[in-house]
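A.B. asks: What follows is final_33.cif, mmCIF, C-alpha atoms.
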```cif
data_upload
loop_
_atom_site.group_PDB
_atom_site.id
_atom_site.type_symbol
_atom_site.label_atom_id
_atom_site.label_comp_id
_atom_site.auth_asym_id
_atom_site.auth_seq_id
_atom_site.Cartn_x
_atom_site.Cartn_y
_atom_site.Cartn_z
ATOM 1 C CA MET A 1134 -6.688 -15.494 -28.703
ATOM 2 C CA ILE A 1135 -6.462 -16.949 -25.209
ATOM 3 C CA LEU A 1136 -3.959 -14.822 -23.287
ATOM 4 C CA GLU A 1137 -3.081 -17.248 -20.495
ATOM 5 C CA GLU A 1138 0.544 -18.144 -19.836
ATOM 6 C CA LYS A 1139 1.268 -21.607 -18.430
ATOM 7 C CA THR A 1140 4.056 -22.446 -16.024
ATOM 8 C CA ILE A 1141 6.449 -25.169 -17.193
ATOM 9 C CA LYS A 1142 8.874 -24.981 -14.290
ATOM 10 C CA ARG A 1143 9.250 -22.876 -11.135
ATOM 11 C CA ASN A 1144 12.785 -22.024 -9.996
ATOM 12 C CA ASP A 1145 12.923 -20.659 -6.433
ATOM 13 C CA VAL A 1146 15.683 -18.067 -6.044
ATOM 14 C CA PHE A 1147 15.179 -16.390 -2.657
ATOM 15 C CA ASP A 1148 12.967 -16.941 0.378
ATOM 16 C CA GLY A 1149 13.084 -14.038 2.849
ATOM 17 C CA LYS A 1150 11.028 -12.741 5.735
ATOM 18 C CA ILE A 1151 8.952 -10.335 3.627
ATOM 19 C CA ILE A 1152 9.339 -11.547 0.042
ATOM 20 C CA SER A 1153 10.267 -14.584 -1.977
ATOM 21 C CA VAL A 1154 11.521 -14.552 -5.553
ATOM 22 C CA HIS A 1155 11.135 -17.181 -8.242
ATOM 23 C CA VAL A 1156 11.863 -17.375 -11.964
ATOM 24 C CA ASP A 1157 9.350 -19.396 -13.922
ATOM 25 C CA ASP A 1158 9.708 -20.909 -17.382
ATOM 26 C CA VAL A 1159 6.388 -20.293 -19.182
ATOM 27 C CA ILE A 1160 4.601 -21.127 -22.394
ATOM 28 C CA LEU A 1161 3.232 -17.955 -24.010
ATOM 29 C CA PRO A 1162 -0.131 -17.771 -25.833
ATOM 30 C CA ASP A 1163 1.607 -18.299 -29.214
ATOM 31 C CA GLY A 1164 3.349 -21.471 -27.957
ATOM 32 C CA SER A 1165 6.801 -19.945 -27.563
ATOM 33 C CA ILE A 1166 8.733 -20.236 -24.319
ATOM 34 C CA SER A 1167 9.865 -17.374 -22.105
ATOM 35 C CA PHE A 1168 10.467 -16.665 -18.419
ATOM 36 C CA ARG A 1169 8.870 -14.569 -15.691
ATOM 37 C CA GLU A 1170 10.689 -13.145 -12.651
ATOM 38 C CA ILE A 1171 8.188 -12.933 -9.800
ATOM 39 C CA VAL A 1172 8.281 -11.318 -6.352
ATOM 40 C CA ASP A 1173 5.772 -12.860 -3.949
ATOM 41 C CA HIS A 1174 4.903 -11.091 -0.714
ATOM 42 C CA GLN A 1175 4.918 -13.520 2.209
ATOM 43 C CA SER A 1176 1.964 -11.769 3.872
ATOM 44 C CA GLY A 1177 -0.131 -11.750 0.711
ATOM 45 C CA GLY A 1178 -0.175 -7.978 0.551
ATOM 46 C CA GLY A 1179 -0.997 -4.901 2.494
ATOM 47 C CA VAL A 1180 -3.467 -2.215 3.380
ATOM 48 C CA CYS A 1181 -3.409 1.554 3.087
ATOM 49 C CA VAL A 1182 -5.815 3.999 4.713
ATOM 50 C CA ALA A 1183 -6.600 7.642 3.978
ATOM 51 C CA PRO A 1184 -7.707 9.040 7.371
ATOM 52 C CA LEU A 1185 -9.739 12.208 6.865
ATOM 53 C CA THR A 1186 -10.391 14.494 9.830
ATOM 54 C CA GLU A 1187 -13.637 16.369 10.465
ATOM 55 C CA ASN A 1188 -11.959 19.606 9.365
ATOM 56 C CA GLY A 1189 -10.828 18.172 6.034
ATOM 57 C CA GLU A 1190 -7.236 17.242 6.777
ATOM 58 C CA LEU A 1191 -5.636 14.048 5.562
ATOM 59 C CA ILE A 1192 -3.376 12.476 8.182
ATOM 60 C CA MET A 1193 -0.267 11.166 6.449
ATOM 61 C CA VAL A 1194 3.147 9.831 7.395
ATOM 62 C CA ARG A 1195 6.576 10.840 6.203
ATOM 63 C CA GLN A 1196 9.191 8.120 6.274
ATOM 64 C CA PHE A 1197 12.510 7.255 4.691
ATOM 65 C CA ARG A 1198 12.207 4.676 1.922
ATOM 66 C CA TYR A 1199 15.528 2.940 1.452
ATOM 67 C CA PRO A 1200 15.126 1.834 -2.216
ATOM 68 C CA TYR A 1201 14.661 5.494 -3.225
ATOM 69 C CA GLY A 1202 17.098 6.979 -0.716
ATOM 70 C CA ARG A 1203 14.667 9.646 0.413
ATOM 71 C CA GLU A 1204 11.676 10.461 2.568
ATOM 72 C CA LEU A 1205 8.252 9.939 1.024
ATOM 73 C CA LEU A 1206 4.862 11.265 2.067
ATOM 74 C CA GLU A 1207 2.320 8.437 2.277
ATOM 75 C CA VAL A 1208 -1.007 7.448 3.753
ATOM 76 C CA PRO A 1209 -0.675 5.048 6.713
ATOM 77 C CA ALA A 1210 -0.109 1.495 5.502
ATOM 78 C CA GLY A 1211 1.194 -1.898 6.466
ATOM 79 C CA LYS A 1212 1.275 -5.555 5.640
ATOM 80 C CA LEU A 1213 -1.472 -8.036 6.324
ATOM 81 C CA GLU A 1214 -0.754 -10.301 9.277
ATOM 82 C CA LYS A 1215 -1.667 -13.982 9.059
ATOM 83 C CA GLY A 1216 -5.382 -14.473 9.757
ATOM 84 C CA GLU A 1217 -6.090 -10.721 9.827
ATOM 85 C CA SER A 1218 -8.728 -9.160 7.562
ATOM 86 C CA PRO A 1219 -7.812 -6.107 5.471
ATOM 87 C CA VAL A 1220 -10.170 -3.863 7.469
ATOM 88 C CA ASP A 1221 -8.629 -5.032 10.760
ATOM 89 C CA THR A 1222 -5.145 -4.424 9.331
ATOM 90 C CA GLY A 1223 -6.213 -0.906 8.376
ATOM 91 C CA ARG A 1224 -7.502 -0.184 11.866
ATOM 92 C CA ARG A 1225 -4.319 -1.604 13.410
ATOM 93 C CA GLU A 1226 -2.093 0.501 11.173
ATOM 94 C CA LEU A 1227 -4.038 3.683 12.004
ATOM 95 C CA PHE A 1228 -3.564 2.995 15.709
ATOM 96 C CA GLU A 1229 0.120 2.072 15.413
ATOM 97 C CA GLU A 1230 1.263 4.746 12.961
ATOM 98 C CA ILE A 1231 -0.823 7.804 13.832
ATOM 99 C CA GLY A 1232 -2.412 6.971 17.195
ATOM 100 C CA CYS A 1233 -5.997 6.996 16.014
ATOM 101 C CA LYS A 1234 -9.033 4.719 16.071
ATOM 102 C CA THR A 1235 -12.179 4.487 13.958
ATOM 103 C CA GLU A 1236 -15.063 2.188 13.202
ATOM 104 C CA ASN A 1237 -15.824 4.055 9.965
ATOM 105 C CA MET A 1238 -13.728 2.348 7.281
ATOM 106 C CA ILE A 1239 -14.774 2.772 3.648
ATOM 107 C CA PHE A 1240 -13.380 0.258 1.147
ATOM 108 C CA LEU A 1241 -11.923 1.996 -1.924
ATOM 109 C CA GLY A 1242 -10.753 -1.096 -3.813
ATOM 110 C CA GLU A 1243 -7.783 -3.326 -4.524
ATOM 111 C CA ILE A 1244 -4.527 -2.079 -6.034
ATOM 112 C CA TYR A 1245 -2.014 -4.225 -7.925
ATOM 113 C CA PRO A 1246 1.012 -1.900 -7.599
ATOM 114 C CA THR A 1247 3.500 -3.587 -9.974
ATOM 115 C CA VAL A 1248 1.709 -6.098 -12.181
ATOM 116 C CA ALA A 1249 4.649 -7.087 -14.391
ATOM 117 C CA TYR A 1250 6.618 -8.913 -11.682
ATOM 118 C CA CYS A 1251 4.966 -8.671 -8.255
ATOM 119 C CA SER A 1252 1.994 -10.537 -6.773
ATOM 120 C CA GLU A 1253 1.223 -7.958 -4.057
ATOM 121 C CA THR A 1254 -2.342 -6.736 -3.532
ATOM 122 C CA ILE A 1255 -2.971 -3.576 -1.536
ATOM 123 C CA TYR A 1256 -6.450 -3.029 -0.076
ATOM 124 C CA ALA A 1257 -7.275 0.684 0.036
ATOM 125 C CA PHE A 1258 -9.590 2.315 2.561
ATOM 126 C CA ALA A 1259 -10.689 5.743 3.699
ATOM 127 C CA ALA A 1260 -11.366 6.371 7.375
ATOM 128 C CA ALA A 1261 -13.568 9.002 8.996
ATOM 129 C CA GLN A 1262 -14.926 9.783 12.469
ATOM 130 C CA LEU A 1263 -11.479 9.448 13.965
ATOM 131 C CA SER A 1264 -10.651 9.419 17.660
ATOM 132 C CA TYR A 1265 -7.110 9.994 18.894
ATOM 133 C CA THR A 1266 -5.133 8.173 21.550
ATOM 134 C CA GLY A 1267 -2.325 10.703 21.282
ATOM 135 C CA GLU A 1268 0.599 8.335 20.785
ATOM 136 C CA GLN A 1269 2.105 6.100 18.151
ATOM 137 C CA HIS A 1270 2.773 2.396 18.682
ATOM 138 C CA LEU A 1271 5.480 1.804 16.088
ATOM 139 C CA ASP A 1272 7.412 -1.383 15.426
ATOM 140 C CA SER A 1273 10.989 -1.309 16.746
ATOM 141 C CA THR A 1274 12.387 -0.769 13.224
ATOM 142 C CA GLU A 1275 9.767 1.766 12.127
ATOM 143 C CA PHE A 1276 10.460 5.504 12.166
ATOM 144 C CA LEU A 1277 8.018 8.042 10.781
ATOM 145 C CA ASN A 1278 6.561 11.480 11.355
ATOM 146 C CA VAL A 1279 2.849 12.255 11.288
ATOM 147 C CA VAL A 1280 1.865 15.061 8.914
ATOM 148 C CA ARG A 1281 -1.531 16.705 8.480
ATOM 149 C CA VAL A 1282 -2.280 17.998 4.993
ATOM 150 C CA PRO A 1283 -5.472 19.787 3.910
ATOM 151 C CA PHE A 1284 -7.217 17.278 1.645
ATOM 152 C CA GLU A 1285 -7.421 19.703 -1.316
ATOM 153 C CA LYS A 1286 -3.662 20.284 -0.986
ATOM 154 C CA ALA A 1287 -3.010 16.505 -0.938
ATOM 155 C CA VAL A 1288 -4.917 16.164 -4.232
ATOM 156 C CA GLU A 1289 -2.819 19.001 -5.702
ATOM 157 C CA MET A 1290 0.360 17.295 -4.458
ATOM 158 C CA VAL A 1291 -0.618 14.112 -6.319
ATOM 159 C CA GLU A 1292 -1.430 16.056 -9.472
ATOM 160 C CA ASN A 1293 1.844 18.015 -9.471
ATOM 161 C CA GLY A 1294 4.054 15.011 -8.674
ATOM 162 C CA GLU A 1295 5.015 15.863 -5.081
ATOM 163 C CA ILE A 1296 3.441 12.625 -3.817
ATOM 164 C CA LYS A 1297 5.139 9.791 -5.672
ATOM 165 C CA ASP A 1298 3.943 6.685 -3.811
ATOM 166 C CA SER A 1299 1.436 4.842 -6.023
ATOM 167 C CA LYS A 1300 -0.838 3.504 -3.265
ATOM 168 C CA THR A 1301 -1.073 7.007 -1.801
ATOM 169 C CA GLN A 1302 -1.789 8.600 -5.175
ATOM 170 C CA ILE A 1303 -4.538 6.116 -6.026
ATOM 171 C CA THR A 1304 -6.136 6.261 -2.583
ATOM 172 C CA ILE A 1305 -6.210 10.067 -2.518
ATOM 173 C CA LEU A 1306 -7.653 10.312 -6.026
ATOM 174 C CA LYS A 1307 -10.289 7.635 -5.358
ATOM 175 C CA LEU A 1308 -11.289 9.417 -2.157
ATOM 176 C CA ALA A 1309 -11.448 12.740 -4.023
ATOM 177 C CA ARG A 1310 -13.745 11.142 -6.584
ATOM 178 C CA LEU A 1311 -15.908 9.686 -3.800
ATOM 179 C CA LEU A 1312 -16.147 13.146 -2.210
ATOM 180 C CA ASN A 1313 -16.641 14.776 -5.648
ATOM 181 C CA LYS A 1314 -13.668 17.105 -5.132
#
```
What does the file become when written as structure tokens?

C.D. replies:
Amino acid sequence: MILEEKTIKRNDVFDGKIISVHVDDVILPDGSISFREIVDHQSGGGVCVAPLTENGELIMVRQFRYPYGRELLEVPAGKLEKGESPVDTGRRELFEEIGCKTENMIFLGEIYPTVAYCSETIYAFAAAQLSYTGEQHLDSTEFLNVVRVPFEKAVEMVENGEIKDSKTQITILKLARLLNK
């Protein structure tokens, strides 16, 4: 069976600064008709980076996430800017969010965080050989605290459900596998 779904009609619902939403009428593989509600990210996606210090600490950020009404612990991340490569976005986000620079970026793969209704792709990296500028360069609407967590503890926090953010979970576990920890 061919599993492709074909769009009959696209119905644009919302066009915002960060996302757009459309509802598409589709033909399913069995010939029946259904619909798909889709969230498209205007930037095409984002990048997350797991910065690992020489003494085995993961530098993370704690920030309030409005949809969940609470603070979450995450690896530094941000959206792709037009014309910017994922690796350059990762370096920019490290500098802005935690005040650090590196040339040593290791690609860990692509993440599709919510495949049922969202087109976002997140490019995951690890970073090593970090140098610090000592200050954050946050956007005017961005508020976060920098947190250092021993890497082994970060893995435990993923395993016991303390870290709930999917990009952070996947990035930490992929890095652990890479390091054989």

A.B. asks: The PyMOL selection byres ((chain A and resi 1235) around 8) - which residues does that actually catch in the file I just gave you? List them as a list in words.

C.D. replies: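 That expression, the PyMOL selection byres ((chain A and resi 1235) around 8), corresponds here to Arg1224, Cys1233, Lys1234, Glu1236, Asn1237, Met1238, Ala1260, Ala1261, Gln1262, Leu1263 and Ser1264 of chain A.
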
A.B. asks: Deliver the residues from the most recent selection as a file, using C-alpha atoms, as a PDB file, in the frame of the given file.

C.D. replies:
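To be explicit, this is the file written out as part-v7.pdb:
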```
ATOM      1  CA  ARG A1224      -7.502  -0.184  11.866  1.00  0.00           C
ATOM      2  CA  CYS A1233      -5.997   6.996  16.014  1.00  0.00           C
ATOM      3  CA  LYS A1234      -9.033   4.719  16.071  1.00  0.00           C
ATOM      4  CA  GLU A1236     -15.063   2.188  13.202  1.00  0.00           C
ATOM      5  CA  ASN A1237     -15.824   4.055   9.965  1.00  0.00           C
ATOM      6  CA  MET A1238     -13.728   2.348   7.281  1.00  0.00           C
ATOM      7  CA  ALA A1260     -11.366   6.371   7.375  1.00  0.00           C
ATOM      8  CA  ALA A1261     -13.568   9.002   8.996  1.00  0.00           C
ATOM      9  CA  GLN A1262     -14.926   9.783  12.469  1.00  0.00           C
ATOM     10  CA  LEU A1263     -11.479   9.448  13.965  1.00  0.00           C
ATOM     11  CA  SER A1264     -10.651   9.419  17.660  1.00  0.00           C
TER      12      SER A1264
END
```

A.B. asks: Which of these, A:Thr1304, A:Asn1278, A:Ser1218, A:Thr1186, has the shortest distance to Leu1241 in chain A once you count all atoms listed in the file?

C.D. replies: A:Thr1304

A.B. asks: Point out the residue among A:Asp1173, A:Glu1285, A:Ala1183, A:Gly1189 with the least atom-to-atom distance to Glu1207 in chain A, counting all atoms listed in the file.

C.D. replies: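 Ranked by minimum distance to Glu1207 in chain A, first place goes to A:Ala1183.
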
A.B. asks: Please report the interatomic distance between CA of Glu1229 in chain A and CA of Leu1271 in chain A in Å with one decimal.

C.D. replies: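 Separating CA of Glu1229 in chain A from CA of Leu1271 in chain A is a distance of 5.4 Å.
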
A.B. asks: Within 12 Å of His1270 in chain A, counting all atoms listed in the file, which residues show up once you throw out same-chain ones fewer than 5 positions away? Write them as JSON, numbers by chain, please.

C.D. replies: {"A": [1225, 1226, 1227, 1228, 1229, 1230, 1231, 1232, 1233, 1275, 1276, 1277]}

A.B. asks: Here is a test: counting all atoms listed in the file, which residue of A:Val1194, A:Leu1206, A:Gln1175, A:Lys1150 is nearest to Met1290 in chain A?

C.D. replies: A:Leu1206

A.B. asks: Please enumerate the residues selected by the PyMOL selection byres ((chain A and resi 1298) around 10) when evaluated against the supplied file, formatted as JSON, numbers by chain.

C.D. replies: {"A": [1205, 1206, 1207, 1208, 1246, 1291, 1294, 1295, 1296, 1297, 1299, 1300, 1301, 1302, 1303]}

A.B. asks: Of the residues A:Val1279, A:Met1134, A:Val1288, A:Val1159, which is the one nearest to Leu1308 in chain A, using all atoms listed in the file?

C.D. replies: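 Among the listed residues, the smallest separation from Leu1308 in chain A belongs to A:Val1288.
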
A.B. asks: If you apply the PyMOL selection byres ((chain A and resi 1243) around 7) to this file, what residues do you get, as a PDB file with C-alpha atoms, in the frame of the given file?

C.D. replies:
```
ATOM      1  CA  GLY A1242     -10.753  -1.096  -3.813  1.00  0.00           C
ATOM      2  CA  ILE A1244      -4.527  -2.079  -6.034  1.00  0.00           C
ATOM      3  CA  TYR A1245      -2.014  -4.225  -7.925  1.00  0.00           C
ATOM      4  CA  THR A1254      -2.342  -6.736  -3.532  1.00  0.00           C
ATOM      5  CA  ILE A1255      -2.971  -3.576  -1.536  1.00  0.00           C
ATOM      6  CA  TYR A1256      -6.450  -3.029  -0.076  1.00  0.00           C
ATOM      7  CA  ALA A1257      -7.275   0.684   0.036  1.00  0.00           C
TER       8      ALA A1257
END
```

A.B. asks: Would you pick out the contacts of Cys1251 in chain A at 12 Å or less, using all atoms listed in the file, so that residues sharing its chain but fewer than 5 positions from it are not included, and give the list as a PyMOL selection string?

C.D. replies: chain A and resi 1152-1156+1169-1175+1177-1178+1244-1246

A.B. asks: Can you measure CA of Glu1253 in chain A to CA of Gly1211 in chain A for me? One decimal in Å is fine.

C.D. replies: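 Value for the CA of Glu1253 in chain A-CA of Gly1211 in chain A distance: 12.1 Å.
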
A.B. asks: If I wrap all listed atoms of range 1179-1189 of chain A in a box with edges along x, y and z and add 8 Å on each side, what are its centre and edge lengths in Å to one decimal, as AutoDock Vina command-line options?

C.D. replies:
```
--center_x -7.3 --center_y 7.4 --center_z 6.5 --size_x 28.6 --size_y 40.5 --size_z 24.0
```

A.B. asks: CA of Leu1213 in chain A to CA of Glu1292 in chain A: how many Å, to one decimal?

C.D. replies: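 Between CA of Leu1213 in chain A and CA of Glu1292 in chain A the gap works out to 28.8 Å.
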
A.B. asks: Could you name the residues that touch Ile1135 in chain A at 12 Å or less, counting all atoms listed in the file, but leaving out those on the same chain fewer than 3 positions away, as a VMD selection string?

C.D. replies: chain A and resid 1138 to 1139 1161 to 1164

A.B. asks: Using all atoms listed in the file, which of the listed residues (A:Thr1140, A:Pro1219, A:Phe1168, A:Gly1267) sits closest to Ala1249 in chain A?

C.D. replies: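 For Ala1249 in chain A, the nearest of the candidates is A:Phe1168.
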
A.B. asks: Using all atoms listed in the file, which protein or nucleic acid residues come within 10 Å of Glu1204 in chain A? Drop anything in the same chain fewer than 5 positions from it, and give the result as a list in words.

C.D. replies: Val1194, Arg1195, Gln1196, Phe1197, Arg1198, Tyr1199 and Leu1277 of chain A

A.B. asks: Selected residues, C-alpha atoms, written as a CSV table (one decimal), in the frame of the given file, please.

C.D. replies:
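And here's result11.csv as it stands now:
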```csv
chain,number,residue,atom,x,y,z
A,1194,VAL,CA,3.1,9.8,7.4
A,1195,ARG,CA,6.6,10.8,6.2
A,1196,GLN,CA,9.2,8.1,6.3
A,1197,PHE,CA,12.5,7.3,4.7
A,1198,ARG,CA,12.2,4.7,1.9
A,1199,TYR,CA,15.5,2.9,1.5
A,1277,LEU,CA,8.0,8.0,10.8
```

A.B. asks: Go through A:Lys1286, A:Glu1187, A:Phe1258, A:Ile1239 one by one, measure the shortest atom-to-atom distance of each to Ala1210 in chain A using all atoms listed in the file, and give the residue with the smallest value.

C.D. replies: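 When distances to Ala1210 in chain A are compared using all atoms listed in the file, the smallest one comes from A:Phe1258.
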
A.B. asks: If we count only C-alpha atoms, what is near Val1282 in chain A at a cut-off of 9 Å, once residues fewer than 2 positions away on the same chain are taken out, given as a CSV table (one decimal) with C-alpha atoms, in the coordinates of the input?

C.D. replies:
```csv
chain,number,residue,atom,x,y,z
A,1189,GLY,CA,-10.8,18.2,6.0
A,1190,GLU,CA,-7.2,17.2,6.8
A,1191,LEU,CA,-5.6,14.0,5.6
A,1192,ILE,CA,-3.4,12.5,8.2
A,1193,MET,CA,-0.3,11.2,6.4
A,1280,VAL,CA,1.9,15.1,8.9
A,1284,PHE,CA,-7.2,17.3,1.6
A,1285,GLU,CA,-7.4,19.7,-1.3
A,1286,LYS,CA,-3.7,20.3,-1.0
A,1287,ALA,CA,-3.0,16.5,-0.9
```
